[in-house]
Every structure is written in structure tokens, then in C-alpha cells.
Amino acid sequence: VAQSPVWRALCPDQGEQTLFEERHLRYISLLGKGNFGSVELCRYDPLGDNTGEMVAVKKLQPNKQSTLEDFKKEVKTLSVLDYEYIVKYKGVCYSTGRLSMSLVMEYLPNGSLINYLDSNRLHVNTWRLLLFASQICKGMEHLQSLRYVHRDLAARNILVASESLVKIADFGLTKVVPFDKEYYRVSQPGDSPIFCFGVVLHELFSYCDINSNPKRLCMREIGNNVQSQSITIYLANILKNNWRMPAPPNCPAKVYSLMRQCWAYDFEERPCPLPAIRWPAKRFYAAPL
Ligand SMILES: C=CCCn1cc(-c2nc(Nc3ccc(C4CCNCC4)cc3)nc3[nH]ccc23)cn1
């Protein structure tokens with residue numbers, strides 16, 4: 001009944017299946033791994049005849065960085081973000097005894113932007129890169145309209161649904177800006193810096209080339225022998241001295257100009273699609289690359 005159109009009309013928030021039974025999730029392959037846990041390709045096959053749908057299942061591996069509570073926040077966040085440029089939430093799967101849970105999402109067959117651009121570089125022209133950039137921007141605008149800050153926007157967290165559609169994924173670091181605040185405030189030292197759209201634009205127009213990835217370009221400027229705990233300080237200094245990543249090869253001047261606007265040291269000079277949330281004062285905000 002829960003799948004019938006009538007049910008969905010009467011209970012729209014039920015929509016698609018939201019509770020997946022662990023015994024029907026058949027593991028197929030590993031899609032991605034991070035400090036959060038892992039994402040697996042599974043077939044949800046309640047009939048047991050291999051006709052079930054393919055889904056991406058994010059399994060939590062609780063560690064010092066991520067807890068079950070963090071994971072529940074991520075599930076809640078994704079479950080309310082129903083938007084064409086954000087990976088679709090399908091539901092959750094509880095392990096036996098509800099000791100752990102997994103997040104079930106739509107499976108996007110082309111993998112991340114890094115995988116895709118690396119293997120399709122010759123078929124992706126400037127027009128398509130701009131299309132992807134506009135979709136990421138709209139996805140971020142939607143997040144901002146709901147007062148969410150993604151905090152880990154990067155090509156590795158953008159998934160390719162088709163040759164003309166990309167979606168933002170991985171909301172493990174996403175935070176909501178409280179209504180009585182205008183800013184997201186970095187809560188503890190070492191909290192990850194807020195990644196900016198300009199860096200993703202640079203990754204896009206570099207075709208995610210490993211030789212011009214942001215980290216490599218910055219370390220080349222800072223010096224590879226710097227102690228890891230001092231990198232943020234060195235990075236802040238070179239940015240304060242107005243160093244920025246160079247334009248990717250063949251990058252249109254207007255696109256590089258937009259990157260540089262996103263990387264303005266003074267946050268009031270940066271482009272902002274919605275007036276809703278202004279970014280924190282400099283002291284809370286590692287200037288972007
Ligand atoms: C967001 C980034 C961090 C966590 N993460 C999310 C996923 C993910 N992946 C996919 N599809 C997919 C992923 C990899 C490959 C590769 C390509 C190269 N050869 C091996 C296989 C192919 C398809 N769909 C998804 N839906 C929801 C999540 C999700 C993976 N990692």
C-alpha cells in the first residue's frame with residue numbers, strides 16, 4: 001500500500017520507500033570510502049529475482065570523527081533536501097537490533113565529477129562545464145535558502161547523473177545556520193574551512209587534473225616541507241599576500257574572473273546569490289584558496 005499512488009497522494013511525505021529491510025539489500029560493490037564510513041552499490045531485491053532497483057547505501061563506521069548522532073543529522077538533512085541538483089534520499093535501513101543504520105540514496109552510475117572528467121575529458125566542452133557549474137550553483141542556492149552550509153563542496157562530492165546533469169552529494173559536514181544568527185560560526189579549532197564554489201569552478205575547468213588540484217597548487221606555493229599543523233597558517237599568509245591559484249589552461253577569462261571574485265579576501269566583495277546569509281567575519285573564516 002505504501003507504494004500506491006493513492007497512498008502517496010494521501011501521505012506525500014511518505015513518497016518513495018523510506019524503510020529498507022537489511023535482508024533484501026544485496027551487496028554488489030564498493031563505490032566510495034571516507035572517514036565517515038563507506039558507500040556501497042546494492043540491489044534492493046525483496047522479490048529475490050534480481051529485478052530490484054540499484055541503490056547507493058552509505059554505511060556508518062562510527063569513529064572519533066563521526067558518531068551515530070552525526071549520521072542521523074546527515075540523514076535528516078538529506079531527507080529534507082528534495083531538489084534536482086541534490087542527490088536523492090530514498091530512505092534508511094536499520095541493522096538488526098537497530099544498533100546501526102544506513103542511508104539509502106539513488107545510485108548515480110557515472111560516479112563523481114573527478115571520475116567523470118578524468119575519463120571523459122575529450123567529450124566535455126566549455127559549454128558543458130558551465131552547465132555543470134550552474135547546476136552546482138543552483139544546488140548551493142537551494143541549500144542556502146534552507147540555511148544549510150555544506151562545508152565540504154568539492155569535485156569529489158559532486159556526482160554525475162548523466163552527461164547533462166550533476167548533483168551535490170555527501171552532507172556529512174553540513175550545518176544549519178540558526179535563525180538568530182547570520183553566519184555559520186566555526187565552532188572548534190580545526191573545524192574544516194568552508195570550501196567555496198570558486199574552488200570547485202577551478203577543479204571543473206582543470207578537468208580535475210591531478211597536477212592542478214587545489215591542494216597540490218597550494219602546497220607548491222607554501223613549500224612541501226611545511227609541518228601539517230602549520231599549513232593553515234601558511235595558507236592564510238599567502239592568501240593575505242594576494243596569492244591565488246592560477247587560471248586553469250584554456251579557462252575563459254570571465255570564468256577565471258568569477259573564481260577570483262569568489263576568492264576575494266574581503267567577504268563583502270564576493271558574489272552572493274541570496275542576501276539571506278552573509279558569510280562570517282574574516283576572523284572566523286579561512287580565506288578561500
Ligand atoms: C560523494 C562522495 C563521497 C561518498 N560517495 C558517494 C558515492 C556515490 N556514488 C554513486 N555512484 C558511483 C560512484 C563511484 C563509481 C566508480 C566510478 C569509477 N570506477 C569505480 C566506481 C560509480 C558510480 N552514486 C551515489 N549515490 C549516492 C551516493 C553515491 C560514492 N562515494
# chains A, B, ... in the order shown; residues from 1 in each chain; ligands from 1
call {"tool": "residues_near_ligand", "arguments": {"ligand": "ligand 1", "cutoff": "6 Å", "atoms": "only C-alpha atoms and all ligand atoms", "output": "count of residues only"}}
result
16
call {"tool": "select_by_dssp", "arguments": {"residues": "stretch 22-266 of chain A", "states": "helix (DSSP H, G or I)", "output": "VMD selection string"}}
result
chain A and resid 22 to 24 68 to 80 96 to 98 113 to 123 126 to 145 155 to 157 197 to 205 210 to 212 214 to 222 228 to 240 253 to 262
call {"tool": "residues_around", "arguments": {"residues": "A:Val166", "least_positions_apart": "4", "cutoff": "12 Å", "atoms": "only C-alpha atoms", "output": "number ranges by chain"}}
result
A: 83-88, 108-114, 116-117, 128-139, 155-162, 204
call {"tool": "select_by_dssp", "arguments": {"residues": "stretch 20-240 of chain A", "states": "strand (DSSP E)", "output": "compact mmCIF listing (two decimals) with all heavy atoms, in the first residue's frame"}}
result
# COMPACT_ATOMS: atom_id res chain seq x y z
N LEU A 25 18.75 -6.17 0.98
CA LEU A 25 19.81 -5.35 0.35
C LEU A 25 20.97 -6.27 -0.03
O LEU A 25 21.66 -6.80 0.83
CB LEU A 25 20.29 -4.26 1.32
CG LEU A 25 19.55 -2.93 1.32
CD1 LEU A 25 20.12 -2.01 2.38
CD2 LEU A 25 19.60 -2.25 -0.04
N ARG A 26 21.17 -6.47 -1.33
CA ARG A 26 22.24 -7.36 -1.77
C ARG A 26 23.47 -6.54 -2.19
O ARG A 26 23.38 -5.75 -3.13
CB ARG A 26 21.76 -8.21 -2.95
CG ARG A 26 20.55 -9.07 -2.61
CD ARG A 26 20.26 -10.09 -3.69
NE ARG A 26 18.97 -10.74 -3.48
CZ ARG A 26 18.68 -11.48 -2.40
NH1 ARG A 26 19.59 -11.64 -1.45
NH2 ARG A 26 17.49 -12.04 -2.28
N TYR A 27 24.58 -6.74 -1.50
CA TYR A 27 25.82 -6.01 -1.81
C TYR A 27 26.32 -6.36 -3.21
O TYR A 27 26.34 -7.52 -3.61
CB TYR A 27 26.90 -6.38 -0.78
CG TYR A 27 28.27 -5.79 -1.10
CD1 TYR A 27 28.58 -4.49 -0.73
CD2 TYR A 27 29.22 -6.53 -1.82
CE1 TYR A 27 29.83 -3.95 -1.04
CE2 TYR A 27 30.46 -5.98 -2.14
CZ TYR A 27 30.76 -4.70 -1.74
OH TYR A 27 31.98 -4.17 -2.05
N ILE A 28 26.73 -5.30 -3.95
CA ILE A 28 27.30 -5.55 -5.28
C ILE A 28 28.75 -5.08 -5.32
O ILE A 28 29.65 -5.82 -5.66
CB ILE A 28 26.46 -4.85 -6.38
CG1 ILE A 28 25.08 -5.52 -6.44
CG2 ILE A 28 27.16 -4.89 -7.74
CD1 ILE A 28 24.11 -4.89 -7.40
N SER A 29 28.99 -3.80 -4.95
CA SER A 29 30.39 -3.32 -4.98
C SER A 29 30.55 -2.09 -4.11
O SER A 29 29.58 -1.45 -3.72
CB SER A 29 30.79 -2.97 -6.43
OG SER A 29 29.97 -1.89 -6.89
N LEU A 30 31.83 -1.76 -3.85
CA LEU A 30 32.15 -0.56 -3.06
C LEU A 30 32.24 0.63 -4.01
O LEU A 30 32.89 0.56 -5.06
CB LEU A 30 33.50 -0.76 -2.35
CG LEU A 30 33.96 0.42 -1.47
CD1 LEU A 30 33.03 0.61 -0.27
CD2 LEU A 30 35.40 0.20 -1.00
N LEU A 31 31.55 1.72 -3.65
CA LEU A 31 31.55 2.91 -4.52
C LEU A 31 32.49 4.00 -4.00
O LEU A 31 33.06 4.75 -4.79
CB LEU A 31 30.13 3.49 -4.62
CG LEU A 31 29.08 2.61 -5.30
CD1 LEU A 31 27.71 3.24 -5.19
CD2 LEU A 31 29.46 2.38 -6.76
N GLY A 32 32.61 4.10 -2.70
CA GLY A 32 33.46 5.17 -2.16
C GLY A 32 33.70 4.94 -0.67
O GLY A 32 32.92 4.27 0.00
N LYS A 33 34.82 5.48 -0.21
CA LYS A 33 35.19 5.31 1.19
C LYS A 33 35.69 6.65 1.72
O LYS A 33 36.27 7.43 0.97
CB LYS A 33 36.34 4.28 1.26
CG LYS A 33 36.26 3.37 2.47
CD LYS A 33 37.12 2.13 2.32
CE LYS A 33 37.23 1.39 3.64
NZ LYS A 33 35.98 1.16 4.36
N GLY A 34 35.41 6.94 2.96
CA GLY A 34 35.93 8.19 3.52
C GLY A 34 36.05 8.01 5.03
O GLY A 34 35.86 6.91 5.54
N GLY A 37 32.84 6.52 6.69
CA GLY A 37 32.38 5.14 6.51
C GLY A 37 32.54 4.80 5.05
O GLY A 37 33.50 5.20 4.39
N SER A 38 31.57 4.11 4.47
CA SER A 38 31.70 3.71 3.07
C SER A 38 30.35 3.81 2.37
O SER A 38 29.30 3.84 3.01
CB SER A 38 32.19 2.26 2.99
OG SER A 38 31.23 1.42 3.65
N VAL A 39 30.41 3.88 1.03
CA VAL A 39 29.18 3.90 0.22
C VAL A 39 29.24 2.67 -0.70
O VAL A 39 30.26 2.47 -1.38
CB VAL A 39 29.05 5.19 -0.60
CG1 VAL A 39 27.78 5.14 -1.47
CG2 VAL A 39 28.97 6.41 0.32
N GLU A 40 28.21 1.87 -0.66
CA GLU A 40 28.18 0.62 -1.43
C GLU A 40 27.06 0.63 -2.47
O GLU A 40 26.00 1.23 -2.23
CB GLU A 40 27.97 -0.57 -0.48
CG GLU A 40 29.05 -0.73 0.56
CD GLU A 40 28.71 -1.81 1.59
OE1 GLU A 40 27.56 -2.30 1.59
OE2 GLU A 40 29.61 -2.14 2.39
N LEU A 41 27.32 -0.03 -3.58
CA LEU A 41 26.26 -0.26 -4.56
C LEU A 41 25.54 -1.54 -4.14
O LEU A 41 26.19 -2.58 -3.91
CB LEU A 41 26.85 -0.43 -5.96
CG LEU A 41 25.86 -0.87 -7.06
CD1 LEU A 41 24.73 0.16 -7.23
CD2 LEU A 41 26.61 -1.07 -8.38
N CYS A 42 24.23 -1.45 -3.97
CA CYS A 42 23.43 -2.62 -3.59
C CYS A 42 22.22 -2.72 -4.50
O CYS A 42 21.79 -1.73 -5.09
CB CYS A 42 22.94 -2.51 -2.14
SG CYS A 42 24.25 -2.50 -0.91
N ARG A 43 21.68 -3.93 -4.59
CA ARG A 43 20.39 -4.08 -5.26
C ARG A 43 19.37 -4.38 -4.16
O ARG A 43 19.58 -5.26 -3.33
CB ARG A 43 20.41 -5.25 -6.25
CG ARG A 43 19.07 -5.42 -6.99
CD ARG A 43 19.02 -6.70 -7.82
NE ARG A 43 19.98 -6.71 -8.92
CZ ARG A 43 19.78 -6.11 -10.10
NH1 ARG A 43 18.66 -5.41 -10.29
NH2 ARG A 43 20.68 -6.18 -11.07
N TYR A 44 18.30 -3.57 -4.11
CA TYR A 44 17.22 -3.84 -3.15
C TYR A 44 16.24 -4.78 -3.83
O TYR A 44 15.52 -4.38 -4.76
CB TYR A 44 16.52 -2.55 -2.70
CG TYR A 44 15.58 -2.80 -1.54
CD1 TYR A 44 16.10 -3.24 -0.31
CD2 TYR A 44 14.20 -2.67 -1.67
CE1 TYR A 44 15.25 -3.51 0.76
CE2 TYR A 44 13.36 -2.93 -0.60
CZ TYR A 44 13.88 -3.36 0.62
OH TYR A 44 13.05 -3.63 1.68
N GLU A 53 15.69 -2.58 -7.59
CA GLU A 53 16.43 -1.39 -8.06
C GLU A 53 17.82 -1.32 -7.43
O GLU A 53 18.05 -1.82 -6.32
CB GLU A 53 15.63 -0.13 -7.71
CG GLU A 53 15.54 0.16 -6.23
CD GLU A 53 14.91 1.51 -5.93
OE1 GLU A 53 15.03 2.44 -6.74
OE2 GLU A 53 14.31 1.63 -4.85
N MET A 54 18.72 -0.66 -8.16
CA MET A 54 20.08 -0.40 -7.66
C MET A 54 20.03 0.84 -6.77
O MET A 54 19.43 1.85 -7.16
CB MET A 54 21.02 -0.13 -8.83
CG MET A 54 21.18 -1.29 -9.76
SD MET A 54 21.98 -2.68 -8.91
CE MET A 54 22.80 -3.43 -10.26
N VAL A 55 20.66 0.75 -5.63
CA VAL A 55 20.70 1.90 -4.73
C VAL A 55 22.13 2.08 -4.20
O VAL A 55 22.93 1.14 -4.23
CB VAL A 55 19.72 1.72 -3.55
CG1 VAL A 55 18.28 1.81 -4.01
CG2 VAL A 55 19.98 0.41 -2.81
N ALA A 56 22.42 3.30 -3.75
CA ALA A 56 23.70 3.58 -3.10
C ALA A 56 23.44 3.62 -1.61
O ALA A 56 22.54 4.35 -1.16
CB ALA A 56 24.28 4.92 -3.59
N VAL A 57 24.20 2.82 -0.86
CA VAL A 57 23.95 2.70 0.59
C VAL A 57 25.19 3.20 1.34
O VAL A 57 26.28 2.65 1.20
CB VAL A 57 23.65 1.24 0.98
CG1 VAL A 57 23.36 1.13 2.47
CG2 VAL A 57 22.47 0.72 0.16
N LYS A 58 24.96 4.23 2.14
CA LYS A 58 26.07 4.78 2.94
C LYS A 58 26.01 4.14 4.32
O LYS A 58 25.02 4.29 5.03
CB LYS A 58 25.96 6.30 3.05
CG LYS A 58 27.10 6.95 3.82
CD LYS A 58 27.09 8.45 3.67
CE LYS A 58 28.29 9.10 4.33
NZ LYS A 58 28.32 10.58 4.11
N LYS A 59 27.07 3.42 4.64
CA LYS A 59 27.13 2.72 5.94
C LYS A 59 28.06 3.49 6.86
O LYS A 59 29.14 3.90 6.46
CB LYS A 59 27.65 1.29 5.72
CG LYS A 59 26.68 0.42 4.93
CD LYS A 59 27.22 -0.98 4.74
CE LYS A 59 26.23 -1.82 3.96
NZ LYS A 59 25.22 -2.47 4.75
N LEU A 60 27.59 3.66 8.07
CA LEU A 60 28.37 4.43 9.05
C LEU A 60 29.40 3.53 9.71
O LEU A 60 29.10 2.41 10.09
CB LEU A 60 27.42 5.00 10.11
CG LEU A 60 28.09 5.62 11.34
CD1 LEU A 60 28.79 6.91 10.95
CD2 LEU A 60 27.10 5.85 12.44
N TYR A 89 17.46 11.35 -1.64
CA TYR A 89 17.27 10.49 -0.46
C TYR A 89 16.20 9.46 -0.80
O TYR A 89 15.16 9.80 -1.37
CB TYR A 89 16.81 11.36 0.71
CG TYR A 89 16.28 10.62 1.91
CD1 TYR A 89 17.15 10.11 2.88
CD2 TYR A 89 14.90 10.43 2.09
CE1 TYR A 89 16.66 9.44 3.99
CE2 TYR A 89 14.42 9.77 3.20
CZ TYR A 89 15.30 9.27 4.16
OH TYR A 89 14.82 8.61 5.24
N LYS A 90 16.46 8.18 -0.43
CA LYS A 90 15.42 7.16 -0.65
C LYS A 90 14.90 6.60 0.67
O LYS A 90 13.77 6.16 0.77
CB LYS A 90 15.95 6.04 -1.55
CG LYS A 90 16.24 6.52 -2.96
CD LYS A 90 16.72 5.39 -3.85
CE LYS A 90 15.57 4.65 -4.49
NZ LYS A 90 14.76 5.38 -5.44
N GLY A 91 15.77 6.55 1.69
CA GLY A 91 15.30 6.04 2.96
C GLY A 91 16.46 5.54 3.82
O GLY A 91 17.61 5.88 3.57
N VAL A 92 16.10 4.76 4.82
CA VAL A 92 17.12 4.23 5.74
C VAL A 92 16.92 2.73 5.93
O VAL A 92 15.85 2.18 5.62
CB VAL A 92 17.06 4.92 7.13
CG1 VAL A 92 17.48 6.38 7.03
CG2 VAL A 92 15.68 4.78 7.74
N CYS A 93 18.01 2.12 6.39
CA CYS A 93 17.96 0.68 6.68
C CYS A 93 18.57 0.50 8.07
O CYS A 93 19.69 0.96 8.31
CB CYS A 93 18.78 -0.07 5.62
SG CYS A 93 18.97 -1.82 6.02
N TYR A 94 17.80 -0.11 8.96
CA TYR A 94 18.31 -0.34 10.31
C TYR A 94 18.91 -1.74 10.37
O TYR A 94 18.33 -2.69 9.83
CB TYR A 94 17.19 -0.20 11.34
CG TYR A 94 16.74 1.23 11.52
CD1 TYR A 94 15.58 1.69 10.90
CD2 TYR A 94 17.50 2.13 12.26
CE1 TYR A 94 15.16 3.02 11.04
CE2 TYR A 94 17.10 3.46 12.41
CZ TYR A 94 15.95 3.89 11.79
OH TYR A 94 15.54 5.19 11.92
N MET A 101 22.63 2.12 11.50
CA MET A 101 21.71 2.41 10.40
C MET A 101 22.51 2.77 9.15
O MET A 101 23.70 3.13 9.24
CB MET A 101 20.77 3.57 10.76
CG MET A 101 21.46 4.90 10.91
SD MET A 101 20.42 6.20 11.55
CE MET A 101 19.20 6.35 10.30
N SER A 102 21.87 2.63 8.03
CA SER A 102 22.48 3.00 6.75
C SER A 102 21.55 3.96 6.03
O SER A 102 20.33 3.92 6.22
CB SER A 102 22.68 1.76 5.87
OG SER A 102 23.50 0.83 6.54
N LEU A 103 22.17 4.81 5.21
CA LEU A 103 21.42 5.80 4.43
C LEU A 103 21.29 5.27 3.00
O LEU A 103 22.30 4.94 2.38
CB LEU A 103 22.17 7.13 4.45
CG LEU A 103 21.76 8.25 3.50
CD1 LEU A 103 20.30 8.65 3.70
CD2 LEU A 103 22.69 9.47 3.69
N VAL A 104 20.06 5.20 2.51
CA VAL A 104 19.83 4.67 1.15
C VAL A 104 19.51 5.83 0.21
O VAL A 104 18.63 6.65 0.51
CB VAL A 104 18.67 3.65 1.15
CG1 VAL A 104 18.48 3.05 -0.24
CG2 VAL A 104 18.94 2.54 2.17
N MET A 105 20.27 5.90 -0.88
CA MET A 105 20.12 7.02 -1.82
C MET A 105 20.01 6.50 -3.25
O MET A 105 20.33 5.32 -3.51
CB MET A 105 21.36 7.93 -1.74
CG MET A 105 21.60 8.54 -0.38
SD MET A 105 23.24 9.28 -0.24
CE MET A 105 24.23 7.82 0.07
N GLU A 106 19.63 7.37 -4.16
CA GLU A 106 19.62 6.98 -5.57
C GLU A 106 21.07 6.69 -6.00
O GLU A 106 22.01 7.34 -5.53
CB GLU A 106 19.04 8.10 -6.44
CG GLU A 106 19.86 9.38 -6.45
CD GLU A 106 19.39 10.42 -7.46
OE1 GLU A 106 18.91 10.03 -8.55
OE2 GLU A 106 19.49 11.62 -7.14
N TYR A 148 21.29 26.01 5.10
CA TYR A 148 22.32 24.99 5.28
C TYR A 148 23.64 25.49 4.69
O TYR A 148 23.66 26.17 3.66
CB TYR A 148 21.92 23.69 4.56
CG TYR A 148 20.91 22.85 5.32
CD1 TYR A 148 19.64 22.63 4.81
CD2 TYR A 148 21.24 22.27 6.54
CE1 TYR A 148 18.71 21.87 5.49
CE2 TYR A 148 20.30 21.49 7.23
CZ TYR A 148 19.05 21.29 6.71
OH TYR A 148 18.14 20.54 7.39
N VAL A 149 24.76 25.07 5.34
CA VAL A 149 26.11 25.29 4.79
C VAL A 149 26.71 23.91 4.56
O VAL A 149 26.82 23.13 5.51
CB VAL A 149 26.98 26.10 5.78
CG1 VAL A 149 28.36 26.36 5.19
CG2 VAL A 149 26.31 27.42 6.13
N ILE A 158 30.68 15.87 -5.85
CA ILE A 158 29.67 16.15 -6.89
C ILE A 158 29.54 14.87 -7.73
O ILE A 158 30.55 14.34 -8.21
CB ILE A 158 30.10 17.32 -7.81
CG1 ILE A 158 30.41 18.58 -7.00
CG2 ILE A 158 29.02 17.58 -8.87
CD1 ILE A 158 29.24 19.22 -6.29
N LEU A 159 28.30 14.37 -7.85
CA LEU A 159 28.08 13.13 -8.60
C LEU A 159 27.47 13.44 -9.96
O LEU A 159 26.72 14.41 -10.11
CB LEU A 159 27.16 12.21 -7.81
CG LEU A 159 27.73 11.70 -6.47
CD1 LEU A 159 26.66 10.96 -5.70
CD2 LEU A 159 28.96 10.82 -6.68
N VAL A 160 27.80 12.60 -10.92
CA VAL A 160 27.34 12.81 -12.31
C VAL A 160 26.18 11.86 -12.59
O VAL A 160 26.35 10.64 -12.60
CB VAL A 160 28.49 12.58 -13.31
CG1 VAL A 160 28.02 12.84 -14.74
CG2 VAL A 160 29.68 13.48 -12.96
N ALA A 161 24.98 12.45 -12.78
CA ALA A 161 23.79 11.63 -13.05
C ALA A 161 23.73 11.26 -14.53
O ALA A 161 23.31 10.16 -14.90
CB ALA A 161 22.54 12.40 -12.63
N SER A 162 24.14 12.21 -15.38
CA SER A 162 24.14 11.94 -16.83
C SER A 162 25.10 12.94 -17.48
O SER A 162 25.69 13.77 -16.78
CB SER A 162 22.73 12.17 -17.40
OG SER A 162 22.45 13.57 -17.41
N LEU A 165 23.78 16.35 -16.35
CA LEU A 165 23.23 16.58 -15.00
C LEU A 165 24.20 16.13 -13.92
O LEU A 165 24.66 14.98 -13.94
CB LEU A 165 21.91 15.84 -14.83
CG LEU A 165 21.22 15.97 -13.45
CD1 LEU A 165 20.86 17.42 -13.13
CD2 LEU A 165 19.97 15.09 -13.40
N VAL A 166 24.50 17.07 -13.01
CA VAL A 166 25.32 16.72 -11.84
C VAL A 166 24.53 17.05 -10.58
O VAL A 166 23.59 17.86 -10.62
CB VAL A 166 26.67 17.48 -11.82
CG1 VAL A 166 27.57 17.04 -12.97
CG2 VAL A 166 26.47 18.99 -11.82
N LYS A 167 24.90 16.40 -9.47
CA LYS A 167 24.17 16.59 -8.22
C LYS A 167 25.17 16.69 -7.06
O LYS A 167 26.19 16.00 -7.05
CB LYS A 167 23.23 15.42 -7.96
CG LYS A 167 22.18 15.19 -9.06
CD LYS A 167 21.11 14.22 -8.64
CE LYS A 167 20.06 14.02 -9.72
NZ LYS A 167 18.85 13.32 -9.17
N ILE A 168 24.84 17.52 -6.10
CA ILE A 168 25.67 17.65 -4.89
C ILE A 168 25.37 16.47 -3.98
O ILE A 168 24.20 16.07 -3.81
CB ILE A 168 25.38 18.98 -4.17
CG1 ILE A 168 25.67 20.16 -5.09
CG2 ILE A 168 26.21 19.09 -2.89
CD1 ILE A 168 25.22 21.51 -4.53
N LYS A 175 26.00 21.93 8.03
CA LYS A 175 25.47 22.51 9.27
C LYS A 175 24.33 23.47 8.90
O LYS A 175 24.33 24.04 7.81
CB LYS A 175 26.57 23.33 9.98
CG LYS A 175 27.80 22.51 10.38
CD LYS A 175 27.60 21.79 11.70
CE LYS A 175 28.90 21.13 12.14
NZ LYS A 175 28.69 20.19 13.25
N VAL A 176 23.46 23.69 9.83
CA VAL A 176 22.38 24.67 9.60
C VAL A 176 22.72 25.94 10.37
O VAL A 176 23.29 25.89 11.47
CB VAL A 176 21.02 24.08 10.05
CG1 VAL A 176 20.96 23.84 11.55
CG2 VAL A 176 19.89 24.98 9.61
call {"tool": "atom_distance", "arguments": {"atom1": "atom CA of A:Val200", "atom2": "atom CA of A:Ala154"}}
result
5.5 Å
call {"tool": "residues_around", "arguments": {"residues": "stretch 221-225 of chain A", "least_positions_apart": "6", "cutoff": "8 Å", "atoms": "only C-alpha atoms", "output": "PyMOL selection string"}}
result
chain A and resi 231+234-235+238
call {"tool": "residues_around", "arguments": {"residues": "A:Ser212", "least_positions_apart": "4", "cutoff": "12 Å", "atoms": "only C-alpha atoms", "output": "MDAnalysis selection string"}}
result
chainID A and resid 199 202:208 216:220 245:249
call {"tool": "write_last_selection", "arguments": {"atoms": "N, CA, C and O atoms", "output": "CSV table (one decimal), in the first residue's frame"}}
result
chain,number,residue,atom,x,y,z
A,199,VAL,N,36.5,27.3,-5.8
A,199,VAL,CA,37.5,26.2,-5.9
A,199,VAL,C,36.9,25.0,-6.7
A,199,VAL,O,37.6,24.4,-7.6
A,202,HIS,N,37.3,25.9,-10.2
A,202,HIS,CA,38.7,25.7,-10.7
A,202,HIS,C,38.9,24.2,-11.0
A,202,HIS,O,39.5,23.8,-12.0
A,203,GLU,N,38.4,23.3,-10.1
A,203,GLU,CA,38.5,21.9,-10.4
A,203,GLU,C,37.8,21.5,-11.7
A,203,GLU,O,38.4,20.8,-12.5
A,204,LEU,N,36.6,22.1,-11.9
A,204,LEU,CA,35.9,21.8,-13.2
A,204,LEU,C,36.7,22.2,-14.4
A,204,LEU,O,36.9,21.4,-15.3
A,205,PHE,N,37.2,23.4,-14.4
A,205,PHE,CA,37.9,23.9,-15.6
A,205,PHE,C,39.4,23.4,-15.7
A,205,PHE,O,40.0,23.6,-16.7
A,206,SER,N,39.8,22.7,-14.6
A,206,SER,CA,41.1,22.0,-14.7
A,206,SER,C,40.8,20.5,-15.1
A,206,SER,O,41.7,19.7,-15.1
A,207,TYR,N,39.5,20.2,-15.3
A,207,TYR,CA,39.1,18.8,-15.6
A,207,TYR,C,39.6,17.9,-14.5
A,207,TYR,O,39.9,16.7,-14.7
A,208,CYS,N,39.6,18.4,-13.3
A,208,CYS,CA,40.1,17.6,-12.1
A,208,CYS,C,41.5,17.0,-12.3
A,208,CYS,O,41.7,15.9,-11.8
A,216,ARG,N,47.5,20.5,-4.3
A,216,ARG,CA,48.8,20.4,-4.9
A,216,ARG,C,49.4,21.8,-5.2
A,216,ARG,O,50.5,22.2,-4.9
A,217,LEU,N,48.5,22.7,-5.8
A,217,LEU,CA,48.9,24.0,-6.1
A,217,LEU,C,49.3,24.8,-4.9
A,217,LEU,O,50.3,25.6,-4.9
A,218,CYS,N,48.5,24.7,-3.8
A,218,CYS,CA,48.8,25.4,-2.6
A,218,CYS,C,50.1,25.0,-2.0
A,218,CYS,O,51.0,25.7,-1.6
A,219,MET,N,50.3,23.6,-1.9
A,219,MET,CA,51.5,23.1,-1.3
A,219,MET,C,52.7,23.5,-2.1
A,219,MET,O,53.8,23.8,-1.5
A,220,ARG,N,52.6,23.6,-3.4
A,220,ARG,CA,53.7,24.0,-4.2
A,220,ARG,C,54.1,25.5,-3.8
A,220,ARG,O,55.3,25.8,-3.7
A,245,MET,N,45.2,30.7,-6.8
A,245,MET,CA,45.5,29.6,-7.8
A,245,MET,C,45.5,30.3,-9.2
A,245,MET,O,44.6,31.1,-9.5
A,246,PRO,N,46.4,29.9,-10.0
A,246,PRO,CA,46.4,30.4,-11.4
A,246,PRO,C,45.3,29.9,-12.2
A,246,PRO,O,44.7,28.9,-11.9
A,247,ALA,N,45.0,30.6,-13.3
A,247,ALA,CA,43.8,30.2,-14.2
A,247,ALA,C,44.2,28.8,-14.8
A,247,ALA,O,45.3,28.6,-15.2
A,248,PRO,N,43.2,27.9,-14.8
A,248,PRO,CA,43.5,26.6,-15.5
A,248,PRO,C,43.8,26.8,-17.0
A,248,PRO,O,43.3,27.8,-17.5
A,249,PRO,N,44.5,25.9,-17.6
A,249,PRO,CA,44.8,26.1,-19.1
A,249,PRO,C,43.5,26.2,-19.9
A,249,PRO,O,42.5,25.5,-19.6
call {"tool": "decode", "arguments": {"residues": "stretch 145-169 of chain A", "atoms": "C-alpha atoms", "output": "PDB file, in the first residue's frame"}}
result
ATOM      1  CA  SER A 145      17.624  29.071   1.027  1.00  0.00           C
ATOM      2  CA  LEU A 146      17.122  26.444   3.755  1.00  0.00           C
ATOM      3  CA  ARG A 147      20.017  27.962   5.779  1.00  0.00           C
ATOM      4  CA  TYR A 148      22.322  24.987   5.282  1.00  0.00           C
ATOM      5  CA  VAL A 149      26.106  25.291   4.787  1.00  0.00           C
ATOM      6  CA  HIS A 150      27.592  22.260   3.001  1.00  0.00           C
ATOM      7  CA  ARG A 151      31.185  22.912   4.248  1.00  0.00           C
ATOM      8  CA  ASP A 152      32.793  20.312   2.005  1.00  0.00           C
ATOM      9  CA  LEU A 153      31.976  21.429  -1.536  1.00  0.00           C
ATOM     10  CA  ALA A 154      34.496  19.734  -3.785  1.00  0.00           C
ATOM     11  CA  ALA A 155      34.514  17.864  -7.106  1.00  0.00           C
ATOM     12  CA  ARG A 156      34.829  14.562  -5.208  1.00  0.00           C
ATOM     13  CA  ASN A 157      31.426  15.312  -3.627  1.00  0.00           C
ATOM     14  CA  ILE A 158      29.669  16.150  -6.888  1.00  0.00           C
ATOM     15  CA  LEU A 159      28.080  13.132  -8.596  1.00  0.00           C
ATOM     16  CA  VAL A 160      27.336  12.814 -12.305  1.00  0.00           C
ATOM     17  CA  ALA A 161      23.787  11.627 -13.048  1.00  0.00           C
ATOM     18  CA  SER A 162      24.139  11.944 -16.834  1.00  0.00           C
ATOM     19  CA  GLU A 163      26.167  13.820 -19.464  1.00  0.00           C
ATOM     20  CA  SER A 164      24.000  16.865 -18.721  1.00  0.00           C
ATOM     21  CA  LEU A 165      23.229  16.582 -15.004  1.00  0.00           C
ATOM     22  CA  VAL A 166      25.317  16.718 -11.842  1.00  0.00           C
ATOM     23  CA  LYS A 167      24.173  16.594  -8.217  1.00  0.00           C
ATOM     24  CA  ILE A 168      25.667  17.651  -4.894  1.00  0.00           C
ATOM     25  CA  ALA A 169      26.244  14.750  -2.508  1.00  0.00           C
TER      26      ALA A 169
END
